[in-house]
>>> print(open('data02.pdb').read())   # PDB, C-alpha atoms
ATOM      1  CA  MET A   1     -37.387 -22.274  -8.611
ATOM      2  CA  TRP A   2     -37.926 -23.782  -5.139
ATOM      3  CA  ASN A   3     -37.077 -20.451  -3.487
ATOM      4  CA  ARG A   4     -39.993 -18.654  -5.111
ATOM      5  CA  PRO A   5     -42.762 -17.716  -2.692
ATOM      6  CA  PRO A   6     -46.037 -19.606  -3.014
ATOM      7  CA  ALA A   7     -48.502 -17.249  -4.649
ATOM      8  CA  TRP A   8     -51.309 -18.500  -2.418
ATOM      9  CA  VAL A   9     -49.717 -17.016   0.723
ATOM     10  CA  LEU A  10     -49.501 -13.559  -0.836
ATOM     11  CA  ALA A  11     -52.982 -13.937  -2.348
ATOM     12  CA  ALA A  12     -54.368 -15.007   1.040
ATOM     13  CA  LEU A  13     -52.805 -11.930   2.649
ATOM     14  CA  ALA A  14     -54.421  -9.730  -0.005
ATOM     15  CA  ALA A  15     -57.801 -11.426   0.475
ATOM     16  CA  TRP A  16     -57.535 -10.965   4.268
ATOM     17  CA  LEU A  17     -56.758  -7.266   3.893
ATOM     18  CA  LEU A  18     -59.568  -6.735   1.365
ATOM     19  CA  LEU A  19     -62.115  -8.852   3.268
ATOM     20  CA  THR A  20     -64.055  -5.992   4.860
ATOM     21  CA  ILE A  21     -62.641  -2.994   3.009
ATOM     22  CA  TRP A  22     -66.116  -2.128   1.709
ATOM     23  CA  ALA A  23     -68.078  -2.694   4.941
ATOM     24  CA  ARG A  24     -68.132   0.757   6.516
ATOM     25  CA  PRO A  25     -68.642   4.304   5.288
ATOM     26  CA  LEU A  26     -65.751   6.748   5.084
ATOM     27  CA  ALA A  27     -64.881   8.316   8.444
ATOM     28  CA  ILE A  28     -64.769  12.069   8.932
ATOM     29  CA  PRO A  29     -62.525  14.073   8.863
ATOM     30  CA  ASP A  30     -59.469  12.209   7.489
ATOM     31  CA  GLU A  31     -61.032   9.679   5.139
ATOM     32  CA  GLY A  32     -63.517  12.267   3.901
ATOM     33  CA  ARG A  33     -60.809  14.862   3.220
ATOM     34  CA  TYR A  34     -58.569  12.427   1.353
ATOM     35  CA  ALA A  35     -61.581  11.114  -0.559
ATOM     36  CA  SER A  36     -62.422  14.677  -1.614
ATOM     37  CA  VAL A  37     -58.868  15.243  -2.850
ATOM     38  CA  THR A  38     -58.932  12.044  -4.876
ATOM     39  CA  TRP A  39     -62.415  12.800  -6.240
ATOM     40  CA  GLU A  40     -61.332  16.270  -7.394
ATOM     41  CA  MET A  41     -58.281  14.721  -9.054
ATOM     42  CA  LEU A  42     -60.520  12.216 -10.841
ATOM     43  CA  LEU A  43     -62.690  15.038 -12.158
ATOM     44  CA  GLY A  44     -59.693  17.272 -12.940
ATOM     45  CA  ASP A  45     -56.309  16.574 -14.464
ATOM     46  CA  ARG A  46     -55.747  13.302 -12.505
ATOM     47  CA  LEU A  47     -52.254  14.443 -11.613
ATOM     48  CA  VAL A  48     -52.256  17.396  -9.189
ATOM     49  CA  PRO A  49     -54.074  16.946  -5.856
ATOM     50  CA  THR A  50     -56.623  19.674  -5.139
ATOM     51  CA  LEU A  51     -59.091  20.354  -2.344
ATOM     52  CA  HIS A  52     -61.908  22.829  -2.918
ATOM     53  CA  GLY A  53     -60.245  23.745  -6.210
ATOM     54  CA  LEU A  54     -56.935  24.721  -4.580
ATOM     55  CA  PRO A  55     -53.694  22.731  -4.823
ATOM     56  CA  PHE A  56     -53.424  20.299  -1.900
ATOM     57  CA  PHE A  57     -49.727  19.775  -1.297
ATOM     58  CA  HIS A  58     -50.020  18.836   2.375
ATOM     59  CA  LYS A  59     -49.232  15.222   1.457
ATOM     60  CA  PRO A  60     -47.535  13.714  -1.596
ATOM     61  CA  PRO A  61     -49.792  12.294  -4.312
ATOM     62  CA  LEU A  62     -49.078   8.532  -4.550
ATOM     63  CA  SER A  63     -52.078   7.453  -2.441
ATOM     64  CA  HIS A  64     -54.328   9.732  -4.448
ATOM     65  CA  TRP A  65     -52.912   8.462  -7.739
ATOM     66  CA  ILE A  66     -53.709   4.890  -6.674
ATOM     67  CA  GLY A  67     -57.255   5.953  -5.773
ATOM     68  CA  VAL A  68     -57.709   7.793  -9.067
ATOM     69  CA  ALA A  69     -56.453   4.773 -11.009
ATOM     70  CA  ALA A  70     -58.806   2.428  -9.122
ATOM     71  CA  MET A  71     -61.825   4.703  -9.610
ATOM     72  CA  SER A  72     -60.969   5.178 -13.281
ATOM     73  CA  LEU A  73     -61.046   1.413 -13.741
ATOM     74  CA  PHE A  74     -63.932   0.407 -11.473
ATOM     75  CA  GLY A  75     -66.040   3.532 -10.989
ATOM     76  CA  PRO A  76     -66.423   6.003  -8.121
ATOM     77  CA  GLU A  77     -66.814   3.598  -5.215
ATOM     78  CA  PRO A  78     -65.679   4.927  -1.797
ATOM     79  CA  TRP A  79     -64.076   1.629  -0.764
ATOM     80  CA  LEU A  80     -61.658   1.867  -3.698
ATOM     81  CA  LEU A  81     -59.930   4.693  -1.840
ATOM     82  CA  ARG A  82     -58.845   2.094   0.718
ATOM     83  CA  LEU A  83     -56.803   0.198  -1.870
ATOM     84  CA  ALA A  84     -53.706   2.365  -1.271
ATOM     85  CA  PRO A  85     -53.479   1.612   2.480
ATOM     86  CA  ALA A  86     -54.377  -2.033   1.832
ATOM     87  CA  PHE A  87     -51.580  -2.199  -0.731
ATOM     88  CA  GLY A  88     -49.166  -0.686   1.800
ATOM     89  CA  ALA A  89     -50.180  -3.286   4.380
ATOM     90  CA  TRP A  90     -49.780  -6.023   1.781
ATOM     91  CA  LEU A  91     -46.309  -4.723   0.907
ATOM     92  CA  MET A  92     -45.286  -4.831   4.549
ATOM     93  CA  GLY A  93     -46.629  -8.341   5.078
ATOM     94  CA  ALA A  94     -45.170  -9.662   1.824
ATOM     95  CA  ALA A  95     -41.745  -8.147   2.531
ATOM     96  CA  LEU A  96     -41.707  -9.585   6.049
ATOM     97  CA  TRP A  97     -42.769 -13.023   4.845
ATOM     98  CA  LEU A  98     -40.268 -13.114   1.982
ATOM     99  CA  ALA A  99     -37.390 -11.942   4.183
ATOM    100  CA  LEU A 100     -38.088 -14.386   7.007
ATOM    101  CA  ARG A 101     -38.608 -17.193   4.548
ATOM    102  CA  ARG A 102     -35.132 -16.533   3.189
ATOM    103  CA  TRP A 103     -33.344 -15.904   6.489
ATOM    104  CA  ARG A 104     -35.156 -18.410   8.730
ATOM    105  CA  ASP A 105     -37.664 -20.890   7.294
ATOM    106  CA  THR A 106     -41.175 -21.066   5.864
ATOM    107  CA  ARG A 107     -42.740 -21.934   9.228
ATOM    108  CA  SER A 108     -41.206 -18.915  11.002
ATOM    109  CA  ALA A 109     -42.235 -16.673   8.121
ATOM    110  CA  GLY A 110     -45.784 -17.988   8.274
ATOM    111  CA  ILE A 111     -46.073 -17.479  12.033
ATOM    112  CA  ALA A 112     -44.725 -13.924  11.746
ATOM    113  CA  LEU A 113     -47.142 -13.136   8.927
ATOM    114  CA  ILE A 114     -50.119 -14.475  10.903
ATOM    115  CA  VAL A 115     -49.112 -12.427  13.955
ATOM    116  CA  LEU A 116     -48.749  -9.291  11.824
ATOM    117  CA  ALA A 117     -51.923  -9.811   9.795
ATOM    118  CA  THR A 118     -54.102 -10.440  12.850
ATOM    119  CA  ASN A 119     -52.773  -7.438  14.760
ATOM    120  CA  PRO A 120     -55.780  -5.095  15.009
ATOM    121  CA  LEU A 121     -53.724  -1.940  14.353
ATOM    122  CA  PHE A 122     -52.206  -3.455  11.217
ATOM    123  CA  PHE A 123     -55.560  -4.709   9.936
ATOM    124  CA  ILE A 124     -57.424  -1.465  10.642
ATOM    125  CA  GLY A 125     -54.517   0.641   9.322
ATOM    126  CA  GLY A 126     -54.705  -1.306   6.074
ATOM    127  CA  GLN A 127     -58.354  -0.287   5.736
ATOM    128  CA  PHE A 128     -58.225   3.384   6.705
ATOM    129  CA  VAL A 129     -57.770   6.074   4.064
ATOM    130  CA  ASN A 130     -54.612   7.965   4.930
ATOM    131  CA  HIS A 131     -50.963   7.892   3.902
ATOM    132  CA  ASP A 132     -49.500   6.054   6.892
ATOM    133  CA  MET A 133     -49.803   2.410   5.889
ATOM    134  CA  LEU A 134     -48.561   3.006   2.351
ATOM    135  CA  VAL A 135     -45.411   4.765   3.569
ATOM    136  CA  ALA A 136     -44.923   2.096   6.254
ATOM    137  CA  GLY A 137     -45.049  -0.601   3.588
ATOM    138  CA  TRP A 138     -42.472   1.165   1.420
ATOM    139  CA  ILE A 139     -40.197   1.814   4.419
ATOM    140  CA  CYS A 140     -40.344  -1.877   5.327
ATOM    141  CA  VAL A 141     -39.509  -2.879   1.748
ATOM    142  CA  ALA A 142     -36.640  -0.355   1.606
ATOM    143  CA  ALA A 143     -35.127  -1.511   4.905
ATOM    144  CA  LEU A 144     -35.306  -5.186   3.978
ATOM    145  CA  CYS A 145     -33.806  -4.504   0.531
ATOM    146  CA  TRP A 146     -30.870  -2.706   2.159
ATOM    147  CA  VAL A 147     -30.346  -5.539   4.629
ATOM    148  CA  ARG A 148     -30.354  -7.951   1.709
ATOM    149  CA  ALA A 149     -27.856  -5.728  -0.151
ATOM    150  CA  PHE A 150     -25.306  -6.187   2.638
ATOM    151  CA  GLU A 151     -26.093  -9.820   3.337
ATOM    152  CA  ALA A 152     -22.744 -11.075   2.031
ATOM    153  CA  PRO A 153     -19.838  -9.787   4.150
ATOM    154  CA  GLY A 154     -17.477  -7.442   2.334
ATOM    155  CA  GLN A 155     -19.618  -6.853  -0.721
ATOM    156  CA  ALA A 156     -22.791  -4.949  -1.490
ATOM    157  CA  SER A 157     -25.380  -5.930  -4.063
ATOM    158  CA  LEU A 158     -26.059  -2.933  -6.285
ATOM    159  CA  ARG A 159     -29.361  -4.444  -7.401
ATOM    160  CA  TRP A 160     -30.702  -4.573  -3.839
ATOM    161  CA  LEU A 161     -29.317  -1.124  -2.995
ATOM    162  CA  VAL A 162     -31.151   0.358  -5.986
ATOM    163  CA  ALA A 163     -34.325  -1.543  -5.071
ATOM    164  CA  GLY A 164     -34.100  -0.083  -1.556
ATOM    165  CA  TRP A 165     -33.658   3.439  -2.884
ATOM    166  CA  ALA A 166     -36.577   2.965  -5.297
ATOM    167  CA  ALA A 167     -38.755   1.836  -2.385
ATOM    168  CA  ALA A 168     -37.607   4.868  -0.359
ATOM    169  CA  GLY A 169     -38.503   7.088  -3.314
ATOM    170  CA  LEU A 170     -41.975   5.581  -3.439
ATOM    171  CA  GLY A 171     -42.182   6.093   0.318
ATOM    172  CA  PHE A 172     -41.336   9.747  -0.267
ATOM    173  CA  LEU A 173     -44.172   9.946  -2.820
ATOM    174  CA  SER A 174     -46.444   8.330  -0.234
ATOM    175  CA  LYS A 175     -45.970  10.671   2.716
ATOM    176  CA  GLY A 176     -42.946  12.898   2.262
ATOM    177  CA  LEU A 177     -39.523  12.993   3.841
ATOM    178  CA  ILE A 178     -40.241  10.202   6.305
ATOM    179  CA  GLY A 179     -40.254   7.779   3.348
ATOM    180  CA  ALA A 180     -36.705   8.701   2.351
ATOM    181  CA  VAL A 181     -35.237   9.254   5.801
TER     182      VAL A 181
END
>>> encode(input="data02.pdb", output="structure tokens")
Amino acid sequence: MWNRPPAWVLAALAAWLLLTIWARPLAIPDEGRYASVTWEMLLGDRLVPTLHGLPFFHKPPLSHWIGVAAMSLFGPEPWLLRLAPAFGAWLMGAALWLALRRWRDTRSAGIALIVLATNPLFFIGGQFVNHDMLVAGWICVAALCWVRAFEAPGQASLRWLVAGWAAAGLGFLSKGLIGAV
């Protein structure tokens, strides 16, 4: 029970990432293009990405599925499209914090999380509609799961290996082969 992470740290990270997610309009061309794909999915079958009525298979659909789910629940607000990259940033920060908390101590984990969260590229990447931050979050989770799987010398934890492969699979659904490689 004492090894469980305090929920307030992970909630504070989420609040930090969502703080200004609504404050600016969508940028052209990337955010506008991905917003159009998600909007067409919302109006269509909600499964297959399309752009101008044609299948859009340039990028895998996980980011768009997250956007469609958010807009289905809360309405067609442009800032909801930024939930997928914010979630990816949160995954990365949470995985880093949990791993360092286990392998070092709570203070080291907290310092690392503050350094990561206040890095301008991390913060802006978590608020920009594209597939990069979501795949980065899944890659971070996969790598840390695999490290945890081989933590004990001479034996591998199947549970952590499977968790790493599941994260790599979600990374693949986020941006393609880079998520699995």
>>> closest_residue(input="data02.pdb", among="A:Ala35, A:Leu177, A:Leu26, A:Leu161", to="Gln127 (chain A)", atoms="all atoms listed in the file")
A:Leu26
>>> axis_aligned_box(input="data02.pdb", around="region 117-124 of chain A", padding_each_side="5 Å", output="AutoDock Vina command-line options")
--center_x -54.7 --center_y -6.0 --center_z 12.4 --size_x 15.5 --size_y 19.0 --size_z 15.2
>>> atom_distance(input="data02.pdb", atom1="CA of Pro25 (chain A)", atom2="CA of Val135 (chain A)")
23.3 Å
>>> closest_residue(input="data02.pdb", among="A:Trp90, A:Thr38, A:Gly67, A:Pro76", to="Pro55 (chain A)", atoms="all atoms listed in the file")
A:Thr38
>>> resolve_selection(input="data02.pdb", expression="the PyMOL selection byres ((chain A and resi 80) around 7)", output="PDB file with C-alpha atoms, keeping the file's coordinate frame")
ATOM      1  CA  GLY A  67     -57.255   5.953  -5.773  1.00  0.00           C
ATOM      2  CA  ALA A  70     -58.806   2.428  -9.122  1.00  0.00           C
ATOM      3  CA  MET A  71     -61.825   4.703  -9.610  1.00  0.00           C
ATOM      4  CA  GLU A  77     -66.814   3.598  -5.215  1.00  0.00           C
ATOM      5  CA  PRO A  78     -65.679   4.927  -1.797  1.00  0.00           C
ATOM      6  CA  TRP A  79     -64.076   1.629  -0.764  1.00  0.00           C
ATOM      7  CA  LEU A  81     -59.930   4.693  -1.840  1.00  0.00           C
ATOM      8  CA  ARG A  82     -58.845   2.094   0.718  1.00  0.00           C
ATOM      9  CA  LEU A  83     -56.803   0.198  -1.870  1.00  0.00           C
TER      10      LEU A  83
END
>>> atom_distance(input="data02.pdb", atom1="CA of Gly110 (chain A)", atom2="CA of Ile21 (chain A)")
23.2 Å
>>> resolve_selection(input="data02.pdb", expression="the PyMOL selection byres ((chain A and resi 145) around 9)", output="NGL selection string")
:A and (95 or 140-144 or 146-150 or 160-165 or 167)
>>> atom_distance(input="data02.pdb", atom1="CA of Ala7 (chain A)", atom2="CA of Arg104 (chain A)")
18.9 Å
>>> resolve_selection(input="data02.pdb", expression="the PyMOL selection byres ((chain A and resi 131) around 8)", output="list of chain:residue names")
A:Lys59, A:Ser63, A:Pro85, A:Val129, A:Asn130, A:Asp132, A:Met133, A:Leu134, A:Val135, A:Ser174, A:Lys175
>>> closest_residue(input="data02.pdb", among="A:Ala23, A:Ala12, A:Leu100, A:Ala136", to="Ala117 (chain A)", atoms="all atoms listed in the file")
A:Ala12
>>> residues_around(input="data02.pdb", residues="Leu96 (chain A)", least_positions_apart="6", cutoff="8 Å", atoms="all atoms listed in the file", output="MDAnalysis selection string")
chainID A and resid 109 112:113 140
>>> residues_around(input="data02.pdb", residues="Leu43 (chain A)", least_positions_apart="6", cutoff="12 Å", atoms="all atoms listed in the file", output="VMD selection string")
chain A and resid 36 to 37 49 to 51 53 68 71 to 72 76
>>> write_last_selection(input="data02.pdb", atoms="C-alpha atoms", output="PDB file, in the frame of the given file")
ATOM      1  CA  SER A  36     -62.422  14.677  -1.614  1.00  0.00           C
ATOM      2  CA  VAL A  37     -58.868  15.243  -2.850  1.00  0.00           C
ATOM      3  CA  PRO A  49     -54.074  16.946  -5.856  1.00  0.00           C
ATOM      4  CA  THR A  50     -56.623  19.674  -5.139  1.00  0.00           C
ATOM      5  CA  LEU A  51     -59.091  20.354  -2.344  1.00  0.00           C
ATOM      6  CA  GLY A  53     -60.245  23.745  -6.210  1.00  0.00           C
ATOM      7  CA  VAL A  68     -57.709   7.793  -9.067  1.00  0.00           C
ATOM      8  CA  MET A  71     -61.825   4.703  -9.610  1.00  0.00           C
ATOM      9  CA  SER A  72     -60.969   5.178 -13.281  1.00  0.00           C
ATOM     10  CA  PRO A  76     -66.423   6.003  -8.121  1.00  0.00           C
TER      11      PRO A  76
END
>>> closest_residue(input="data02.pdb", among="A:Ala99, A:Val115, A:Met41, A:Ile139", to="Gly179 (chain A)", atoms="only C-alpha atoms")
A:Ile139
>>> closest_residue(input="data02.pdb", among="A:Trp22, A:Trp8, A:Trp138, A:Trp16", to="Thr118 (chain A)", atoms="all atoms listed in the file")
A:Trp16
>>> build_atoms(input="data02.pdb", residues="region 127-138 of chain A", atoms="all heavy atoms", output="compact mmCIF listing (two decimals), keeping the file's coordinate frame")
# COMPACT_ATOMS: atom_id res chain seq x y z
N GLN A 127 -57.02 -0.57 6.24
CA GLN A 127 -58.35 -0.29 5.74
C GLN A 127 -58.82 1.13 6.07
O GLN A 127 -60.00 1.41 6.05
CB GLN A 127 -59.35 -1.28 6.32
CG GLN A 127 -59.08 -2.69 5.90
CD GLN A 127 -60.21 -3.62 6.25
OE1 GLN A 127 -61.20 -3.24 6.86
NE2 GLN A 127 -60.08 -4.86 5.85
N PHE A 128 -57.89 2.01 6.36
CA PHE A 128 -58.22 3.38 6.70
C PHE A 128 -57.53 4.32 5.73
O PHE A 128 -56.31 4.26 5.56
CB PHE A 128 -57.77 3.69 8.15
CG PHE A 128 -58.23 5.01 8.65
CD1 PHE A 128 -59.53 5.21 9.07
CD2 PHE A 128 -57.35 6.10 8.68
CE1 PHE A 128 -59.95 6.44 9.54
CE2 PHE A 128 -57.77 7.34 9.14
CZ PHE A 128 -59.08 7.50 9.56
N VAL A 129 -58.30 5.19 5.10
CA VAL A 129 -57.77 6.07 4.06
C VAL A 129 -56.91 7.16 4.69
O VAL A 129 -57.40 8.13 5.25
CB VAL A 129 -58.90 6.73 3.23
CG1 VAL A 129 -58.30 7.61 2.14
CG2 VAL A 129 -59.80 5.68 2.63
N ASN A 130 -55.60 6.94 4.64
CA ASN A 130 -54.61 7.96 4.93
C ASN A 130 -53.29 7.48 4.34
O ASN A 130 -53.25 6.45 3.67
CB ASN A 130 -54.52 8.31 6.42
CG ASN A 130 -53.95 7.21 7.27
OD1 ASN A 130 -53.35 6.26 6.79
ND2 ASN A 130 -54.14 7.34 8.57
N HIS A 131 -52.24 8.19 4.57
CA HIS A 131 -50.96 7.89 3.90
C HIS A 131 -50.03 7.01 4.73
O HIS A 131 -48.98 6.60 4.25
CB HIS A 131 -50.25 9.22 3.56
CG HIS A 131 -51.09 10.11 2.70
ND1 HIS A 131 -50.98 10.13 1.35
CD2 HIS A 131 -52.06 11.00 3.00
CE1 HIS A 131 -51.83 10.99 0.84
NE2 HIS A 131 -52.51 11.54 1.83
N ASP A 132 -50.41 6.72 5.96
CA ASP A 132 -49.50 6.05 6.89
C ASP A 132 -49.13 4.63 6.50
O ASP A 132 -47.96 4.25 6.53
CB ASP A 132 -50.08 6.07 8.30
CG ASP A 132 -50.23 7.47 8.84
OD1 ASP A 132 -49.53 8.38 8.35
OD2 ASP A 132 -51.06 7.67 9.75
N MET A 133 -50.11 3.81 6.17
CA MET A 133 -49.80 2.41 5.89
C MET A 133 -49.03 2.25 4.58
O MET A 133 -48.17 1.38 4.47
CB MET A 133 -51.08 1.58 5.85
CG MET A 133 -50.81 0.09 5.85
SD MET A 133 -49.79 -0.52 7.21
CE MET A 133 -50.97 -0.71 8.49
N LEU A 134 -49.30 3.10 3.61
CA LEU A 134 -48.56 3.01 2.35
C LEU A 134 -47.09 3.35 2.56
O LEU A 134 -46.20 2.63 2.10
CB LEU A 134 -49.19 3.91 1.29
CG LEU A 134 -48.62 3.77 -0.13
CD1 LEU A 134 -48.75 2.34 -0.64
CD2 LEU A 134 -49.31 4.74 -1.07
N VAL A 135 -46.81 4.42 3.30
CA VAL A 135 -45.41 4.76 3.57
C VAL A 135 -44.76 3.70 4.45
O VAL A 135 -43.59 3.36 4.25
CB VAL A 135 -45.26 6.18 4.16
CG1 VAL A 135 -45.71 6.25 5.61
CG2 VAL A 135 -43.82 6.64 4.06
N ALA A 136 -45.48 3.14 5.40
CA ALA A 136 -44.92 2.10 6.25
C ALA A 136 -44.54 0.87 5.43
O ALA A 136 -43.50 0.25 5.66
CB ALA A 136 -45.91 1.71 7.35
N GLY A 137 -45.37 0.52 4.46
CA GLY A 137 -45.05 -0.60 3.59
C GLY A 137 -43.79 -0.35 2.78
O GLY A 137 -42.92 -1.23 2.67
N TRP A 138 -43.67 0.85 2.22
CA TRP A 138 -42.47 1.16 1.42
C TRP A 138 -41.22 1.24 2.29
O TRP A 138 -40.14 0.83 1.86
CB TRP A 138 -42.66 2.47 0.65
CG TRP A 138 -43.60 2.32 -0.51
CD1 TRP A 138 -44.76 3.01 -0.72
CD2 TRP A 138 -43.48 1.42 -1.62
NE1 TRP A 138 -45.35 2.59 -1.88
CE2 TRP A 138 -44.58 1.62 -2.46
CE3 TRP A 138 -42.53 0.46 -1.98
CZ2 TRP A 138 -44.78 0.89 -3.64
CZ3 TRP A 138 -42.72 -0.27 -3.15
CH2 TRP A 138 -43.83 -0.04 -3.96
